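Enquirer: Following this line is work-v9.txt, made up of compact mmCIF, C-alpha atoms and all ligand atoms:
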```
# COMPACT_ATOMS: atom_id res chain seq x y z
CA MET A 1 -46.84 25.12 -188.52
CA ILE A 2 -44.80 25.00 -185.34
CA ASN A 3 -43.41 28.32 -184.22
CA LYS A 4 -39.69 27.59 -183.94
CA THR A 5 -38.97 30.52 -181.66
CA LEU A 6 -41.62 29.38 -179.22
CA VAL A 7 -40.24 25.84 -179.18
CA LEU A 8 -36.74 27.20 -178.60
CA ILE A 9 -37.93 29.35 -175.71
CA ILE A 10 -39.74 26.40 -174.10
CA VAL A 11 -36.63 24.22 -174.46
CA LEU A 12 -34.44 26.97 -172.96
CA ILE A 13 -36.79 27.38 -169.99
CA ALA A 14 -36.81 23.62 -169.46
CA ILE A 15 -32.99 23.54 -169.46
CA LEU A 16 -32.67 26.56 -167.18
CA ASN A 17 -34.98 24.90 -164.69
CA PHE A 18 -32.56 22.02 -164.22
CA VAL A 19 -29.42 24.13 -163.91
CA LYS A 20 -28.53 24.29 -160.23
CA SER A 21 -26.86 27.49 -159.13
CA SER A 22 -23.50 26.96 -157.44
CA ASP A 23 -22.35 28.77 -154.32
CA LEU A 24 -20.54 32.11 -154.22
CA SER A 25 -17.20 31.77 -155.97
CA TYR A 26 -14.25 34.13 -155.43
CA LYS A 27 -13.00 33.82 -159.00
CA LYS A 28 -16.36 35.08 -160.32
CA VAL A 29 -16.43 38.30 -158.28
CA HIS A 30 -15.04 41.28 -160.23
CA LEU A 31 -15.09 45.05 -159.97
CA VAL A 32 -16.54 46.54 -163.19
CA ASP A 33 -16.76 50.28 -162.55
CA SER A 34 -16.65 52.94 -159.85
CA VAL A 35 -17.86 56.54 -159.61
CA GLU A 36 -16.60 59.30 -157.30
CA LEU A 37 -19.43 61.46 -155.99
CA ALA A 38 -19.61 65.09 -154.91
CA ASN A 39 -20.36 64.04 -151.28
CA GLY A 40 -16.92 62.39 -151.05
CA ASN A 41 -18.21 58.81 -151.35
CA THR A 42 -17.31 56.44 -154.15
CA ASN A 43 -19.88 53.93 -155.46
CA TYR A 44 -18.78 50.60 -156.93
CA PHE A 45 -20.24 48.23 -159.49
CA PHE A 46 -19.39 44.51 -159.15
CA ARG A 47 -20.50 41.43 -161.00
CA GLY A 48 -20.40 37.97 -159.47
CA ASN A 49 -22.38 34.80 -159.00
CA GLN A 50 -25.13 33.64 -156.67
CA PRO A 51 -24.30 34.77 -153.09
CA THR A 52 -25.20 31.57 -151.27
CA GLN A 53 -23.20 29.15 -149.19
CA THR A 54 -24.21 25.55 -148.53
CA LEU A 55 -23.40 24.41 -144.99
CA ALA A 56 -22.20 20.87 -144.19
CA ASN A 57 -25.76 19.82 -143.26
CA GLY A 58 -27.10 21.05 -146.60
CA THR A 59 -28.69 24.28 -145.33
CA LYS A 60 -28.12 27.29 -147.60
CA VAL A 61 -27.27 30.66 -146.07
CA PHE A 62 -26.54 34.15 -147.37
CA PRO A 63 -22.77 34.48 -146.70
CA TYR A 64 -22.58 38.22 -146.01
CA GLU A 65 -19.10 38.17 -144.42
CA GLU A 66 -17.72 36.04 -147.24
CA LEU A 67 -19.26 38.28 -149.91
CA VAL A 68 -17.70 41.36 -148.29
CA GLU A 69 -14.31 39.61 -148.07
CA PHE A 70 -14.51 38.61 -151.75
CA LEU A 71 -15.48 42.15 -152.81
CA ARG A 72 -12.57 43.63 -150.83
CA ASN A 73 -9.95 41.13 -151.94
CA SER A 74 -10.98 41.07 -155.56
CA SER A 75 -10.97 44.83 -156.12
CA LEU A 76 -7.69 45.15 -154.22
CA SER A 77 -5.88 42.34 -156.02
CA GLU A 78 -7.23 43.07 -159.52
CA PHE A 79 -7.23 46.87 -159.50
CA GLY A 80 -5.50 48.05 -156.30
CA VAL A 81 -8.85 49.54 -155.25
CA LYS A 82 -9.42 49.58 -151.49
CA LEU A 83 -13.10 49.50 -150.55
CA PRO A 84 -14.23 51.78 -147.68
CA GLU A 85 -14.69 50.47 -144.11
CA GLN A 86 -18.46 50.47 -144.48
CA PHE A 87 -20.68 50.25 -147.52
CA TYR A 88 -24.29 49.66 -148.48
CA ILE A 89 -24.97 46.76 -150.87
CA ILE A 90 -27.58 46.98 -153.62
CA ASP A 91 -27.94 43.34 -154.58
CA ILE A 92 -29.63 42.66 -157.94
CA LYS A 93 -30.35 39.11 -159.02
CA LEU A 94 -30.91 38.55 -162.75
CA ILE A 95 -33.79 36.14 -163.11
CA THR A 96 -35.54 34.54 -166.08
CA GLY A 97 -38.83 33.86 -164.29
CA PRO A 98 -38.82 33.72 -161.41
CA LEU A 99 -38.68 30.02 -162.24
CA PRO A 100 -39.25 27.41 -159.50
CA ASN A 101 -35.49 26.72 -159.26
CA GLU A 102 -34.74 30.44 -158.80
CA LEU A 103 -37.17 30.91 -155.92
CA PRO A 104 -35.16 29.45 -152.98
CA ASP A 105 -32.09 31.65 -153.71
CA LEU A 106 -34.32 34.63 -154.31
CA GLU A 107 -36.10 34.11 -150.96
CA LEU A 108 -32.77 33.76 -149.15
CA GLU A 109 -31.47 37.11 -150.48
CA LYS A 110 -34.80 38.86 -149.96
CA ASN A 111 -35.04 37.64 -146.36
CA PHE A 112 -31.43 38.54 -145.58
CA PHE A 113 -31.84 42.19 -146.56
CA ALA A 114 -35.33 42.40 -145.06
CA THR A 115 -33.77 41.31 -141.75
CA ASN A 116 -30.66 43.51 -142.18
CA PRO A 117 -31.91 46.67 -143.91
CA THR A 118 -28.89 48.72 -142.82
CA LEU A 119 -26.57 46.42 -144.79
CA GLY A 120 -28.35 46.86 -148.10
CA GLU A 121 -31.33 46.03 -150.27
CA PHE A 122 -32.36 43.38 -152.74
CA HIS A 123 -33.95 43.61 -156.22
CA THR A 124 -34.46 41.38 -159.22
CA ASN A 125 -34.12 42.16 -162.92
CA GLN A 126 -35.79 39.91 -165.43
CA THR A 127 -33.19 38.98 -168.03
CA TRP A 128 -33.49 36.62 -170.99
CA GLY A 129 -30.00 36.83 -172.35
CA ASP A 130 -29.35 36.11 -176.02
CA ILE A 131 -28.37 33.01 -177.92
CA ILE A 132 -25.93 35.05 -180.01
CA ASP A 133 -22.54 35.02 -178.32
CA PRO A 134 -20.63 38.19 -179.32
CA GLN A 135 -17.40 36.19 -179.30
CA PHE A 136 -18.63 34.28 -182.35
CA VAL A 137 -19.85 37.31 -184.32
CA PRO A 138 -17.39 38.44 -187.01
CA GLN A 139 -15.65 41.69 -186.13
CA ASN A 140 -17.17 43.57 -189.10
CA GLU A 141 -20.72 42.69 -188.00
CA LEU A 142 -20.34 43.55 -184.32
CA GLU A 143 -20.94 47.26 -184.79
CA GLU A 144 -24.11 46.57 -186.80
CA TYR A 145 -25.40 44.26 -184.05
CA ALA A 146 -24.50 46.78 -181.34
CA SER A 147 -26.10 49.78 -183.03
CA THR A 148 -29.38 47.89 -183.67
CA ILE A 149 -29.51 46.08 -180.32
CA SER A 150 -32.87 47.56 -179.32
CA THR A 151 -34.51 45.93 -182.36
CA TRP A 152 -33.35 42.35 -181.65
CA SER A 153 -32.55 42.00 -177.94
CA ALA A 154 -35.44 41.60 -175.47
CA ASP A 155 -33.42 42.80 -172.48
CA LYS A 156 -33.34 46.54 -173.34
CA LEU A 157 -29.65 46.71 -172.44
CA PRO A 158 -29.17 50.42 -173.20
CA GLN A 159 -31.93 51.23 -170.68
CA ARG A 160 -30.45 48.70 -168.23
CA MET A 161 -27.07 50.46 -168.46
CA ARG A 162 -28.76 53.79 -167.68
CA ASP A 163 -30.56 52.20 -164.68
CA TYR A 164 -27.32 50.81 -163.24
CA HIS A 165 -25.50 54.05 -163.97
CA ASN A 166 -28.20 55.97 -162.07
CA ILE A 167 -27.72 53.69 -159.07
CA LEU A 168 -23.98 54.42 -159.22
CA LEU A 169 -24.57 58.18 -159.50
CA THR A 170 -26.95 58.34 -156.50
CA GLU A 171 -25.48 59.87 -153.34
CA ARG A 172 -26.33 57.91 -150.20
CA GLU A 173 -25.15 58.23 -146.62
CA LEU A 174 -22.78 55.28 -147.16
CA PRO A 175 -20.73 54.39 -150.25
CA THR A 176 -22.71 51.86 -152.33
CA VAL A 177 -21.70 48.54 -153.82
CA LEU A 178 -24.00 47.52 -156.66
CA TYR A 179 -23.70 43.72 -156.91
CA VAL A 180 -25.32 42.23 -160.03
CA HIS A 181 -25.38 38.46 -160.46
CA TRP A 182 -27.23 35.47 -161.92
C1 LIG B 201 -27.55 23.32 -140.23
O1 LIG B 201 -26.49 23.92 -139.51
C2 LIG B 201 -26.73 25.30 -139.19
C3 LIG B 201 -25.45 25.85 -138.54
O2 LIG B 201 -24.91 24.98 -137.61
C4 LIG B 201 -27.95 25.41 -138.27
O3 LIG B 201 -28.18 26.76 -137.95
C5 LIG B 201 -29.15 24.83 -139.01
O4 LIG B 201 -30.28 24.86 -138.17
C6 LIG B 201 -28.88 23.41 -139.47
N1 LIG B 201 -29.99 22.97 -140.32
C7 LIG B 201 -30.54 21.76 -140.19
C8 LIG B 201 -31.65 21.44 -141.13
O5 LIG B 201 -30.19 20.97 -139.33
C1 LIG B 202 -8.46 37.92 -148.63
O1 LIG B 202 -7.34 38.61 -148.12
C2 LIG B 202 -7.00 38.24 -146.80
C3 LIG B 202 -5.88 39.15 -146.32
O2 LIG B 202 -4.86 39.26 -147.29
C4 LIG B 202 -6.62 36.75 -146.78
O3 LIG B 202 -6.33 36.35 -145.47
C5 LIG B 202 -7.79 35.92 -147.33
O4 LIG B 202 -7.41 34.57 -147.44
C6 LIG B 202 -8.21 36.43 -148.69
N1 LIG B 202 -9.41 35.72 -149.11
C7 LIG B 202 -9.57 35.29 -150.36
C8 LIG B 202 -10.88 34.60 -150.63
O5 LIG B 202 -8.75 35.40 -151.23
C1 LIG B 203 -33.77 46.47 -162.36
O1 LIG B 203 -33.76 46.75 -160.97
C2 LIG B 203 -33.62 48.12 -160.65
C3 LIG B 203 -33.52 48.22 -159.13
O2 LIG B 203 -34.69 47.75 -158.55
C4 LIG B 203 -34.82 48.89 -161.20
O3 LIG B 203 -34.64 50.26 -160.96
C5 LIG B 203 -34.94 48.65 -162.70
O4 LIG B 203 -36.13 49.24 -163.18
C6 LIG B 203 -34.98 47.15 -163.00
N1 LIG B 203 -34.99 46.93 -164.44
C7 LIG B 203 -35.67 45.91 -164.99
C8 LIG B 203 -35.61 45.82 -166.48
O5 LIG B 203 -36.30 45.10 -164.32
```
Mind turning the file's structure into structure tokens?
Expert:
Amino acid sequence: MINKTLVLIIVLIAILNFVKSSDLSYKKVHLVDSVELANGNTNYFFRGNQPTQTLANGTKVFPYEELVEFLRNSSLSEFGVKLPEQFYIIDIKLITGPLPNELPDLELEKNFFATNPTLGEFHTNQTWGDIIDPQFVPQNELEEYASTISTWSADKLPQRMRDYHNILLTERELPTVLYVHW
């Protein structure tokens, strides 16, 4: 008998491999949370999309200046939050593999922060996601799903939230922007 889950996973991986990531988009960059620390700094948590930019000749670059501009404008226009003059970026890319199509973007980010270690650092978090979209779960079942999440979701989201929270609570010399993206 064919294992349906396995087939589904293989199909999903096949689809994901053909999805091309698009360049950094202003409308996808949003401030999610911020924490004031005892040392006077504030750390910020943003979500967004892949921080790449494709030049006219097809070369992809890591658009640091553009990312910083988007972070500043977005938090200011959506929440009236003014980011500090200088900040340290902790860039986390959510990956499903790494799959072959994720590798070029991953290399670009890794190389950028390896070359510019004072600007920030780069990490990856393996993330499967779920085929259940909470928007389509009836209201009365949401709480049940949420309270049992560790039994059905592979991504260990409660632990992930603690990890990200710890990054936000860590005092560094500079204020930190945690940027998590696909
Ligand atoms: C594309 O243009 C950029 C910026 O002008 C340049 O640095 C890069 O070498 C070019 N890449 C190719 C393949 O020509
Ligand atoms: C960000 O704000 C500056 C100053 O108001 C503006 O010149 C720039 O066009 C804005 N950029 C985006 C992407 O909205
Ligand atoms: C996600 O990345 C952070 C930063 O490197 C790390 O501390 C954490 O353990 C990672 N979590 C997973 C599930 O990969």
Enquirer: Counting all atoms listed in the file, what is within 6 Å of stretch 45-53 of chain A, bar same-chain residues fewer than 2 positions away, as a list in words?
Expert: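 Surrounding residues, per the criterion: Asp23, Leu24, Lys28, Val29, His30, Leu31, Val32, Asp33, Ser34, Lys60, Val61, Phe62, Pro63, Val177, Leu178, Tyr179, Val180, His181 and Trp182 of chain A.
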Enquirer: If I take atom CA of A:Leu67 and atom CA of A:Gln159, how far is one from the other in Å, to one decimal?
Expert: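 Pair atom CA of A:Leu67 / atom CA of A:Gln159 returns 27.6 Å.
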Enquirer: Select, from A:Glu66, A:Asp91, A:Glu173, A:Glu36, the residue with the minimum atom-to-atom distance to A:Phe112, counting all atoms listed in the file.
Expert: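 Nearest candidate to A:Phe112 out of A:Glu66, A:Asp91, A:Glu173, A:Glu36: A:Asp91.
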Enquirer: Give the residues close to ligand LIG 203 (chain B), within 7 Å, counting all atoms listed in the file; write them as number ranges by chain.
Expert: A: 92, 123-126, 160, 163
Enquirer: Keeping only C-alpha atoms, write those residues as a compact mmCIF listing (two decimals), in the frame of the given file.
Expert:
```txt
# COMPACT_ATOMS: atom_id res chain seq x y z
CA ILE A 92 -29.63 42.66 -157.94
CA HIS A 123 -33.95 43.61 -156.22
CA THR A 124 -34.46 41.38 -159.22
CA ASN A 125 -34.12 42.16 -162.92
CA GLN A 126 -35.79 39.91 -165.43
CA ARG A 160 -30.45 48.70 -168.23
CA ASP A 163 -30.56 52.20 -164.68
```
Enquirer: Taking into account only C-alpha atoms, which residue in the set A:Tyr44, A:Tyr164, A:Lys27, A:Ser150 is nearest to A:Ser74?
Expert: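 Selected residue with least distance to A:Ser74: A:Lys27.
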Enquirer: Using Å and a single decimal, report how far atom CA of A:Lys93 sits from atom CA of A:Asn73.
Expert: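 Rounded to one decimal, the two atoms are 21.7 Å apart.
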Enquirer: Point out the residue among A:Thr127, A:Thr148, A:Ser77, A:Thr118 with the least atom-to-atom distance to A:Gly97, counting all atoms listed in the file.
Expert: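 Among the listed residues, A:Thr127 lies closest to A:Gly97.
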Enquirer: Compute the set of protein, DNA and RNA residues whose minimum atom distance to ligand LIG 202 (chain B) is at most 7 Å, using only C-alpha atoms and all ligand atoms, and state it as a VMD selection string.
Expert: chain A and resid 26 69 to 70 73
Enquirer: Rounded to one decimal in Å, what is the spacing between atom O3 of ligand LIG 201 (chain B) and atom CA of A:Ser25?
Expert: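 Atom CA of A:Ser25 lies at a distance of 21.7 Å from atom O3 of ligand LIG 201 (chain B).
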Enquirer: Measuring atom to atom with all atoms listed in the file, identify which of A:Gly40, A:Pro175, A:Pro134, A:Gly58 is nearest to ligand LIG 201 (chain B).
Expert: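 For ligand LIG 201 (chain B), the nearest of the given residues is A:Gly58.
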Enquirer: Residues of chain A that approach ligand LIG 201 (chain B) to 8 Å or less, counting all atoms listed in the file: could you list each one with the shortest pair of atoms and its distance in Å to one decimal, rows by chain and increasing residue number, as JSON lines?
Expert:
```
{"residue": "A:Leu55", "atom": "CA", "partner": "B:LIG201", "partner_atom": "O1", "distance": 6.3}
{"residue": "A:Ala56", "atom": "CA", "partner": "B:LIG201", "partner_atom": "O1", "distance": 7.0}
{"residue": "A:Asn57", "atom": "CA", "partner": "B:LIG201", "partner_atom": "C1", "distance": 5.0}
{"residue": "A:Gly58", "atom": "CA", "partner": "B:LIG201", "partner_atom": "C1", "distance": 6.8}
{"residue": "A:Thr59", "atom": "CA", "partner": "B:LIG201", "partner_atom": "C1", "distance": 5.3}
```
Enquirer: I'd like the neighbourhood of A:Leu37 as a PDB file with C-alpha atoms, in the coordinates of the input, where a residue qualifies if any of its atoms comes within 8 Å (using only C-alpha atoms), though same-chain residues fewer than 4 positions away should be ignored.
Expert:
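Listed below is the output, around27.pdb:
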```pdb
ATOM      1  CA  ASN A  41     -18.210  58.810-151.350  1.00  0.00           C
ATOM      2  CA  THR A  42     -17.310  56.440-154.150  1.00  0.00           C
ATOM      3  CA  ASN A  43     -19.880  53.930-155.460  1.00  0.00           C
ATOM      4  CA  LEU A 169     -24.570  58.180-159.500  1.00  0.00           C
ATOM      5  CA  GLU A 171     -25.480  59.870-153.340  1.00  0.00           C
TER       6      GLU A 171
END
```
Enquirer: Can stretch 121-144 of chain A be brought up to N, CA and C atoms and written out as a CSV table (one decimal), in the coordinates of the input?
Expert:
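Final output, part-v8.csv:
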```
chain,number,residue,atom,x,y,z
A,121,GLU,N,-30.0,46.3,-149.8
A,121,GLU,CA,-31.3,46.0,-150.3
A,121,GLU,C,-31.2,45.1,-151.4
A,122,PHE,N,-32.3,44.4,-151.7
A,122,PHE,CA,-32.4,43.4,-152.7
A,122,PHE,C,-33.4,43.7,-153.8
A,123,HIS,N,-33.0,43.5,-155.1
A,123,HIS,CA,-34.0,43.6,-156.2
A,123,HIS,C,-33.7,42.5,-157.2
A,124,THR,N,-34.7,42.3,-158.1
A,124,THR,CA,-34.5,41.4,-159.2
A,124,THR,C,-34.6,42.1,-160.5
A,125,ASN,N,-33.9,41.6,-161.6
A,125,ASN,CA,-34.1,42.2,-162.9
A,125,ASN,C,-34.4,41.0,-163.9
A,126,GLN,N,-35.5,41.0,-164.5
A,126,GLN,CA,-35.8,39.9,-165.4
A,126,GLN,C,-34.9,40.0,-166.7
A,127,THR,N,-34.2,39.0,-167.0
A,127,THR,CA,-33.2,39.0,-168.0
A,127,THR,C,-33.3,37.7,-168.8
A,128,TRP,N,-33.4,37.8,-170.1
A,128,TRP,CA,-33.5,36.6,-171.0
A,128,TRP,C,-32.1,36.2,-171.5
A,129,GLY,N,-31.3,37.2,-171.7
A,129,GLY,CA,-30.0,36.8,-172.4
A,129,GLY,C,-30.3,36.6,-173.8
A,130,ASP,N,-29.2,36.3,-174.6
A,130,ASP,CA,-29.4,36.1,-176.0
A,130,ASP,C,-28.6,34.9,-176.4
A,131,ILE,N,-29.1,34.2,-177.5
A,131,ILE,CA,-28.4,33.0,-177.9
A,131,ILE,C,-27.2,33.4,-178.8
A,132,ILE,N,-27.1,34.6,-179.2
A,132,ILE,CA,-25.9,35.0,-180.0
A,132,ILE,C,-24.8,35.4,-179.1
A,133,ASP,N,-23.7,34.7,-179.2
A,133,ASP,CA,-22.5,35.0,-178.3
A,133,ASP,C,-21.6,36.0,-179.1
A,134,PRO,N,-21.4,37.2,-178.6
A,134,PRO,CA,-20.6,38.2,-179.3
A,134,PRO,C,-19.3,37.7,-179.7
A,135,GLN,N,-18.7,36.7,-179.0
A,135,GLN,CA,-17.4,36.2,-179.3
A,135,GLN,C,-17.4,35.5,-180.6
A,136,PHE,N,-18.6,35.0,-181.1
A,136,PHE,CA,-18.6,34.3,-182.4
A,136,PHE,C,-19.2,35.1,-183.5
A,137,VAL,N,-19.4,36.4,-183.3
A,137,VAL,CA,-19.8,37.3,-184.3
A,137,VAL,C,-18.6,37.9,-185.0
A,138,PRO,N,-18.6,37.9,-186.3
A,138,PRO,CA,-17.4,38.4,-187.0
A,138,PRO,C,-17.2,39.9,-186.6
A,139,GLN,N,-16.0,40.3,-186.5
A,139,GLN,CA,-15.6,41.7,-186.1
A,139,GLN,C,-16.4,42.7,-186.9
A,140,ASN,N,-16.5,42.5,-188.3
A,140,ASN,CA,-17.2,43.6,-189.1
A,140,ASN,C,-18.7,43.6,-188.9
A,141,GLU,N,-19.3,42.7,-188.2
A,141,GLU,CA,-20.7,42.7,-188.0
A,141,GLU,C,-21.1,43.2,-186.6
A,142,LEU,N,-20.1,43.2,-185.7
A,142,LEU,CA,-20.3,43.6,-184.3
A,142,LEU,C,-21.0,44.9,-184.2
A,143,GLU,N,-20.4,45.9,-184.9
A,143,GLU,CA,-20.9,47.3,-184.8
A,143,GLU,C,-22.4,47.4,-185.2
A,144,GLU,N,-22.7,46.6,-186.3
A,144,GLU,CA,-24.1,46.6,-186.8
A,144,GLU,C,-25.0,46.0,-185.7
```
